[in-house]
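K.L.:
So here's input-v6.cif, just mmCIF, C-alpha atoms:
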```cif
data_data
loop_
_atom_site.label_atom_id
_atom_site.label_comp_id
_atom_site.auth_asym_id
_atom_site.auth_seq_id
_atom_site.Cartn_x
_atom_site.Cartn_y
_atom_site.Cartn_z
CA MET J 1 14.48 -55.58 -21.87
CA TYR J 2 10.76 -54.87 -22.27
CA ILE J 3 10.51 -53.46 -18.69
CA ARG J 4 13.51 -51.24 -19.35
CA LYS J 5 11.77 -49.63 -22.37
CA ILE J 6 8.65 -49.03 -20.29
CA LEU J 7 10.69 -47.40 -17.50
CA ILE J 8 12.54 -45.18 -20.00
CA GLY J 9 9.19 -44.19 -21.57
CA ILE J 10 7.75 -43.34 -18.14
CA LEU J 11 10.88 -41.34 -17.30
CA ILE J 12 10.66 -39.38 -20.56
CA LEU J 13 6.95 -38.67 -20.00
CA GLY J 14 7.73 -37.57 -16.43
CA ILE J 15 10.45 -35.20 -17.63
CA LEU J 16 8.18 -33.77 -20.34
CA GLY J 17 5.33 -33.37 -17.84
CA GLY J 18 7.68 -31.67 -15.37
CA CYS J 19 8.92 -29.29 -18.09
CA TYR J 20 5.33 -28.44 -19.03
CA ILE J 21 4.44 -27.72 -15.40
CA MET J 22 7.58 -25.60 -14.92
CA TYR J 23 6.76 -23.65 -18.10
CA ASN J 24 3.23 -22.93 -16.85
CA ILE J 25 4.53 -21.87 -13.44
CA SER J 26 7.13 -19.57 -14.97
CA GLN J 27 4.47 -18.05 -17.24
CA THR J 28 2.24 -17.42 -14.21
CA ILE J 29 5.03 -15.84 -12.20
CA PHE J 30 7.34 -14.10 -14.66
CA LYS J 31 5.22 -13.13 -17.67
CA PRO J 32 4.52 -9.34 -17.82
CA ILE J 33 0.81 -8.81 -17.13
CA THR J 34 0.31 -5.03 -17.10
CA ALA J 35 -2.29 -3.70 -19.53
CA PHE J 36 -1.78 0.07 -19.31
CA LYS J 37 0.15 2.29 -21.72
CA ASN J 38 1.67 4.74 -19.18
CA GLU J 39 4.97 4.01 -17.48
CA VAL J 40 3.31 3.76 -14.05
CA ALA J 41 -0.14 3.37 -12.54
CA TYR J 42 -1.06 4.23 -8.97
CA ILE J 43 -3.34 2.12 -6.84
CA TYR J 44 -4.81 3.36 -3.57
CA ILE J 45 -5.86 0.63 -1.16
CA PRO J 46 -7.93 1.70 1.87
CA SER J 47 -6.89 0.39 5.28
CA ASP J 48 -10.02 -1.73 5.60
CA ALA J 49 -9.82 -3.24 2.10
CA ASN J 50 -9.90 -6.98 1.48
CA PHE J 51 -8.42 -8.99 -1.38
CA GLU J 52 -11.58 -8.76 -3.49
CA TYR J 53 -11.34 -4.96 -3.37
CA VAL J 54 -7.69 -5.08 -4.51
CA LYS J 55 -8.51 -7.58 -7.26
CA LYS J 56 -11.35 -5.39 -8.53
CA ASP J 57 -9.08 -2.32 -8.47
CA LEU J 58 -6.28 -4.11 -10.34
CA GLU J 59 -8.46 -5.85 -12.93
CA PRO J 60 -8.43 -3.01 -15.51
CA LEU J 61 -4.65 -2.66 -15.10
CA LEU J 62 -3.76 -6.33 -15.71
CA THR J 63 -4.03 -8.67 -18.68
CA ASP J 64 -4.05 -11.82 -16.54
CA ILE J 65 -5.84 -11.30 -13.22
CA ASP J 66 -5.90 -15.08 -12.66
CA ALA J 67 -2.07 -15.26 -12.64
CA PHE J 68 -2.01 -12.45 -10.08
CA GLU J 69 -4.66 -14.13 -7.93
CA THR J 70 -2.90 -17.52 -8.06
CA LEU J 71 0.42 -16.08 -6.95
CA ALA J 72 -1.22 -13.81 -4.34
CA ALA J 73 -2.76 -16.92 -2.76
CA LYS J 74 0.55 -18.81 -2.81
CA LEU J 75 2.49 -15.91 -1.24
CA GLY J 76 -0.18 -15.28 1.40
CA TYR J 77 -1.14 -11.80 0.17
CA LYS J 78 -4.87 -12.60 0.21
CA LYS J 79 -4.79 -12.57 4.01
CA ARG J 80 -2.26 -9.72 4.37
CA VAL J 81 -3.78 -6.84 2.40
CA LYS J 82 -2.31 -3.52 3.57
CA GLY J 83 -3.66 -0.06 2.92
CA GLY J 84 -1.52 2.47 1.11
CA LYS J 85 -0.51 4.02 -2.16
CA TYR J 86 1.35 1.66 -4.49
CA ILE J 87 3.12 2.13 -7.81
CA ILE J 88 2.56 -0.50 -10.48
CA ARG J 89 5.09 -0.14 -13.31
CA LYS J 90 4.54 -1.04 -16.95
CA GLY J 91 5.88 -4.52 -17.72
CA MET J 92 5.63 -5.88 -14.16
CA ASN J 93 4.83 -9.54 -13.71
CA SER J 94 2.54 -11.04 -11.06
CA ASN J 95 5.49 -11.73 -8.75
CA ASP J 96 6.61 -8.07 -8.89
CA ILE J 97 3.08 -6.83 -8.28
CA VAL J 98 2.44 -9.08 -5.28
CA LYS J 99 5.81 -8.16 -3.74
CA THR J 100 5.04 -4.46 -4.27
CA LEU J 101 1.65 -4.80 -2.59
CA LEU J 102 3.16 -6.74 0.31
CA ASP J 103 5.73 -4.16 1.38
CA LYS J 104 6.32 -1.21 -0.93
CA SER J 105 3.73 1.39 -0.02
CA VAL J 106 5.02 4.81 -1.05
CA LEU J 107 4.95 7.90 1.13
CA VAL J 108 2.99 10.94 0.00
CA ASP J 109 3.74 14.61 0.51
CA VAL J 110 1.19 16.18 2.84
CA VAL J 111 1.00 19.95 2.67
CA ILE J 112 -0.23 21.68 5.82
CA PRO J 113 -1.59 25.13 5.00
CA ASP J 114 -0.75 28.28 6.92
CA THR J 115 -4.09 28.79 8.66
CA ASN J 116 -5.47 28.73 12.20
CA LYS J 117 -8.84 27.30 11.14
CA SER J 118 -8.97 23.58 11.80
CA TRP J 119 -11.62 22.92 9.14
CA GLU J 120 -9.44 24.58 6.47
CA ARG J 121 -6.49 22.45 7.57
CA ALA J 122 -8.67 19.36 7.57
CA GLU J 123 -9.97 20.09 4.08
CA GLU J 124 -6.46 20.56 2.67
CA ILE J 125 -4.89 17.58 4.48
CA SER J 126 -7.71 15.23 3.44
CA LYS J 127 -6.62 15.72 -0.19
CA TYR J 128 -3.39 13.85 0.55
CA ILE J 129 -4.23 11.03 2.99
CA GLU J 130 -6.97 8.47 3.50
CA ALA J 131 -8.53 10.25 6.51
CA THR J 132 -11.65 12.20 5.59
CA LYS J 133 -12.22 15.91 6.12
CA LYS J 134 -14.75 15.12 8.85
CA GLU J 135 -12.41 12.76 10.72
CA LEU J 136 -9.57 15.27 10.52
CA SER J 137 -11.81 18.16 11.64
CA ILE J 138 -12.76 16.27 14.79
CA VAL J 139 -9.16 15.40 15.65
CA LEU J 140 -7.66 18.78 14.71
CA SER J 141 -10.21 20.73 16.73
CA ASN J 142 -9.77 18.64 19.90
CA SER J 143 -8.13 21.30 22.06
CA MET J 144 -8.67 19.29 25.25
CA PHE J 145 -6.28 16.62 24.00
CA LEU J 146 -3.57 19.20 23.27
CA LYS J 147 -4.09 20.95 26.63
CA LYS J 148 -3.65 17.61 28.37
CA LEU J 149 -0.35 17.00 26.53
CA ILE J 150 0.88 20.48 27.49
CA GLN J 151 -0.05 19.89 31.13
CA GLU J 152 1.80 16.58 31.09
CA LYS J 153 4.78 18.47 29.60
CA LYS J 154 4.77 16.28 26.52
CA LEU J 155 4.32 19.40 24.39
CA VAL J 156 5.79 22.87 24.78
CA ASN J 157 2.99 24.71 22.96
CA GLY J 158 -0.34 23.78 21.43
CA ASP J 159 0.46 24.58 17.81
CA ILE J 160 1.70 21.24 16.52
CA TYR J 161 0.32 21.70 12.99
CA LYS J 162 3.12 23.85 11.62
CA PRO J 163 2.73 24.76 7.94
CA GLY J 164 4.96 22.82 5.61
CA THR J 165 5.27 19.60 3.66
CA TYR J 166 5.56 16.27 5.47
CA LYS J 167 6.00 12.72 4.16
CA MET J 168 3.71 10.00 5.47
CA PRO J 169 1.80 6.94 4.23
CA TRP J 170 -1.35 7.61 2.22
CA SER J 171 -3.28 5.27 4.54
CA THR J 172 -2.73 7.57 7.55
CA THR J 173 -5.77 7.93 9.82
CA ALA J 174 -6.74 11.21 11.48
CA GLU J 175 -5.39 10.02 14.83
CA ALA J 176 -2.17 8.75 13.26
CA PHE J 177 -1.75 12.12 11.54
CA ARG J 178 -2.17 13.94 14.86
CA ASP J 179 0.30 11.57 16.55
CA PHE J 180 2.80 12.08 13.72
CA MET J 181 2.54 15.86 14.11
CA ILE J 182 2.92 15.63 17.91
CA LYS J 183 6.05 13.50 17.54
CA ASN J 184 7.41 15.91 14.91
CA SER J 185 6.72 18.87 17.21
CA GLN J 186 8.44 17.16 20.15
CA GLN J 187 11.51 16.44 18.01
CA GLN J 188 11.70 20.06 16.85
CA ASN J 189 11.41 21.32 20.45
CA GLN J 190 14.28 19.06 21.56
CA GLN J 191 16.64 20.48 18.96
#
```
Represent the structure of the file as structure tokens.
P.N.:
Amino acid sequence: MYIRKILIGILILGILGGCYIMYNISQTIFKPITAFKNEVAYIYIPSDANFEYVKKDLEPLLTDIDAFETLAAKLGYKKRVKGGKYIIRKGMNSNDIVKTLLDKSVLVDVVIPDTNKSWERAEEISKYIEATKKELSIVLSNSMFLKKLIQEKKLVNGDIYKPGTYKMPWSTTAEAFRDFMIKNSQQQNQQ
């Protein structure tokens, strides 16, 4: 009889301890942790950023950076930081934020101006993507690369930077931008 009371007591303590742990876990995962007043906040993560950079960038936007960091470690985000533009919505919890940062980078509209000057194009395009004006200037003014593509019949003409608005990731490099425009030009020429 005495052993039975001890076992019941241990069982009750185990259940209470388990409930306490589950409560703490649910508070870490599902409690809203945004600290801003707007409906959305945008975070721009460079391609070469690490977790400490992301944490520092998010710190003013969150009320509980430790909950975010704990869940980010458990879901493996600390080792899988991706560059891009991300939308953090008011009332998000740490689970929502980590999932957003793992795979919900938004595309940006990139406006290509109507000009023949590569440095003017580079200056305008650099306002929309991660690539710098200098990096874009080098890539956009590389006429030898375009001539080679024309010779290999991969391009019909050399003007691949047609004015207009294009959607692409914010973390696009200068080379990736050029490749995107080449592919876009090839698709237009096939139609």
K.L.:
Skip range 56-58 of chain J itself and residues of its chain fewer than 5 positions away, then list as a list in words all residues within 10 Å of it, counting only C-alpha atoms.
P.N.:
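Answer for this query is Thr34, Ala41, Tyr42, Ile43, Tyr44, Ile45, Phe51, Thr63, Ile65, Phe68, Ile88 and Ile97 of chain J.
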K.L.:
Looking at J:Ile6, J:Leu75, J:Met181, J:Ala49, which one is nearest to Val139 in chain J, with distances taken over only C-alpha atoms?
P.N.:
J:Met181
K.L.:
Between J:Asn142, J:Ser185, J:Asn24, J:Asn50, which residue has the minimum interatomic distance to Pro163 in chain J, considering all atoms listed in the file?
P.N.:
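For Pro163 in chain J, the nearest of the given residues is J:Ser185.
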K.L.:
Which residues come within 10 Å of range 118-122 of chain J, counting all atoms listed in the file, excluding same-chain residues fewer than 2 positions away, as a list of chain:residue names?
P.N.:
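Close residues of range 118-122 of chain J: J:Val111, J:Ile112, J:Pro113, J:Asp114, J:Thr115, J:Asn116, J:Glu124, J:Ile125, J:Ser126, J:Lys127, J:Ala131, J:Thr132, J:Lys133, J:Lys134, J:Glu135, J:Leu136, J:Ser137, J:Ile138, J:Val139, J:Leu140, J:Ser141, J:Asn142, J:Tyr161, J:Pro163, J:Ala174.
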K.L.:
Neighbouring residues of Gly83 in chain J were defined as those with any atom within 12 Å, considering only C-alpha atoms; residues of the same chain fewer than 4 positions away were excluded. Please report them as JSON, numbers by chain.
P.N.:
{"J": [43, 44, 45, 46, 47, 48, 49, 50, 51, 53, 54, 101, 102, 103, 104, 105, 106, 107, 129, 130, 131, 169, 170, 171, 172, 173]}
K.L.:
Please evaluate the PyMOL selection byres ((chain J and resi 96) around 12) against the structure above and give the resulting residues as JSON, numbers by chain.
P.N.:
{"J": [28, 29, 30, 31, 32, 33, 34, 67, 68, 71, 72, 75, 86, 87, 88, 89, 90, 91, 92, 93, 94, 95, 97, 98, 99, 100, 101, 102, 103, 104]}
K.L.:
How would range 9-115 of chain J of the given structure read as a file with C-alpha atoms, as a tab-separated table (two decimals), in the first residue's frame?
P.N.:
```tsv
chain	number	residue	atom	x	y	z
J	9	GLY	CA	2.96	10.47	-6.27
J	10	ILE	CA	5.83	9.94	-8.73
J	11	LEU	CA	3.34	9.56	-11.59
J	12	ILE	CA	1.54	12.78	-10.63
J	13	LEU	CA	4.86	14.66	-10.37
J	14	GLY	CA	5.89	13.24	-13.76
J	15	ILE	CA	2.63	14.38	-15.36
J	16	LEU	CA	2.93	17.85	-13.80
J	17	GLY	CA	6.58	18.11	-14.91
J	18	GLY	CA	5.63	17.00	-18.42
J	19	CYS	CA	2.83	19.59	-18.56
J	20	TYR	CA	5.24	22.31	-17.41
J	21	ILE	CA	7.77	21.33	-20.09
J	22	MET	CA	5.06	21.22	-22.78
J	23	TYR	CA	3.82	24.66	-21.69
J	24	ASN	CA	7.33	26.10	-21.97
J	25	ILE	CA	7.86	24.51	-25.38
J	26	SER	CA	4.54	25.82	-26.67
J	27	GLN	CA	5.38	29.30	-25.36
J	28	THR	CA	8.74	29.17	-27.15
J	29	ILE	CA	7.21	28.02	-30.42
J	30	PHE	CA	3.72	29.53	-30.62
J	31	LYS	CA	3.81	32.76	-28.59
J	32	PRO	CA	3.77	35.90	-30.83
J	33	ILE	CA	7.17	37.58	-30.54
J	34	THR	CA	7.07	40.53	-32.95
J	35	ALA	CA	7.80	43.93	-31.42
J	36	PHE	CA	6.93	46.33	-34.25
J	37	LYS	CA	3.74	48.33	-34.70
J	38	ASN	CA	3.42	48.10	-38.52
J	39	GLU	CA	1.63	45.21	-40.17
J	40	VAL	CA	4.85	43.98	-41.83
J	41	ALA	CA	8.59	44.45	-41.54
J	42	TYR	CA	11.09	43.62	-44.26
J	43	ILE	CA	14.42	42.00	-43.60
J	44	TYR	CA	17.18	41.85	-46.21
J	45	ILE	CA	19.71	39.07	-45.68
J	46	PRO	CA	22.87	39.20	-47.83
J	47	SER	CA	23.96	35.99	-49.57
J	48	ASP	CA	27.07	35.69	-47.42
J	49	ALA	CA	25.30	36.34	-44.09
J	50	ASN	CA	25.59	33.99	-41.13
J	51	PHE	CA	23.15	33.35	-38.29
J	52	GLU	CA	24.69	36.04	-36.07
J	53	TYR	CA	23.99	38.62	-38.78
J	54	VAL	CA	20.34	37.50	-39.02
J	55	LYS	CA	19.97	37.49	-35.24
J	56	LYS	CA	21.39	41.02	-35.00
J	57	ASP	CA	19.06	42.20	-37.79
J	58	LEU	CA	15.99	40.62	-36.16
J	59	GLU	CA	16.73	41.69	-32.58
J	60	PRO	CA	14.95	45.09	-32.75
J	61	LEU	CA	11.93	43.43	-34.40
J	62	LEU	CA	11.40	40.69	-31.79
J	63	THR	CA	10.43	40.66	-28.13
J	64	ASP	CA	12.01	37.26	-27.45
J	65	ILE	CA	15.17	36.71	-29.51
J	66	ASP	CA	16.06	33.70	-27.33
J	67	ALA	CA	12.88	31.84	-28.37
J	68	PHE	CA	13.74	32.52	-32.01
J	69	GLU	CA	17.33	31.36	-31.53
J	70	THR	CA	16.27	28.18	-29.70
J	71	LEU	CA	13.85	27.16	-32.42
J	72	ALA	CA	16.25	28.18	-35.22
J	73	ALA	CA	18.82	25.79	-33.73
J	74	LYS	CA	16.29	22.96	-33.42
J	75	LEU	CA	15.04	23.38	-37.02
J	76	GLY	CA	18.57	23.65	-38.42
J	77	TYR	CA	18.24	27.25	-39.64
J	78	LYS	CA	21.51	28.32	-38.01
J	79	LYS	CA	23.42	26.32	-40.62
J	80	ARG	CA	21.06	27.06	-43.54
J	81	VAL	CA	20.89	30.86	-43.69
J	82	LYS	CA	19.78	32.00	-47.16
J	83	GLY	CA	20.08	35.46	-48.64
J	84	GLY	CA	16.97	37.29	-49.76
J	85	LYS	CA	14.19	39.67	-48.89
J	86	TYR	CA	11.76	38.34	-46.29
J	87	ILE	CA	8.48	39.62	-44.90
J	88	ILE	CA	7.95	39.36	-41.15
J	89	ARG	CA	4.30	39.97	-40.24
J	90	LYS	CA	3.00	41.46	-37.01
J	91	GLY	CA	1.98	38.74	-34.54
J	92	MET	CA	4.24	36.00	-35.97
J	93	ASN	CA	5.67	33.47	-33.57
J	94	SER	CA	9.20	32.02	-33.66
J	95	ASN	CA	8.01	28.99	-35.65
J	96	ASP	CA	6.46	31.21	-38.36
J	97	ILE	CA	9.57	33.38	-38.54
J	98	VAL	CA	12.00	30.47	-38.87
J	99	LYS	CA	9.82	28.82	-41.54
J	100	THR	CA	9.66	32.12	-43.43
J	101	LEU	CA	13.44	32.53	-43.32
J	102	LEU	CA	13.95	28.93	-44.43
J	103	ASP	CA	11.97	29.09	-47.66
J	104	LYS	CA	9.84	32.16	-48.27
J	105	SER	CA	12.12	34.74	-49.85
J	106	VAL	CA	9.99	37.19	-51.84
J	107	LEU	CA	10.74	38.32	-55.37
J	108	VAL	CA	11.36	42.00	-56.06
J	109	ASP	CA	10.46	44.05	-59.10
J	110	VAL	CA	13.59	45.11	-60.96
J	111	VAL	CA	13.11	48.03	-63.33
J	112	ILE	CA	15.53	48.18	-66.25
J	113	PRO	CA	15.75	51.73	-67.60
J	114	ASP	CA	15.58	52.63	-71.27
J	115	THR	CA	19.23	53.59	-71.79
```
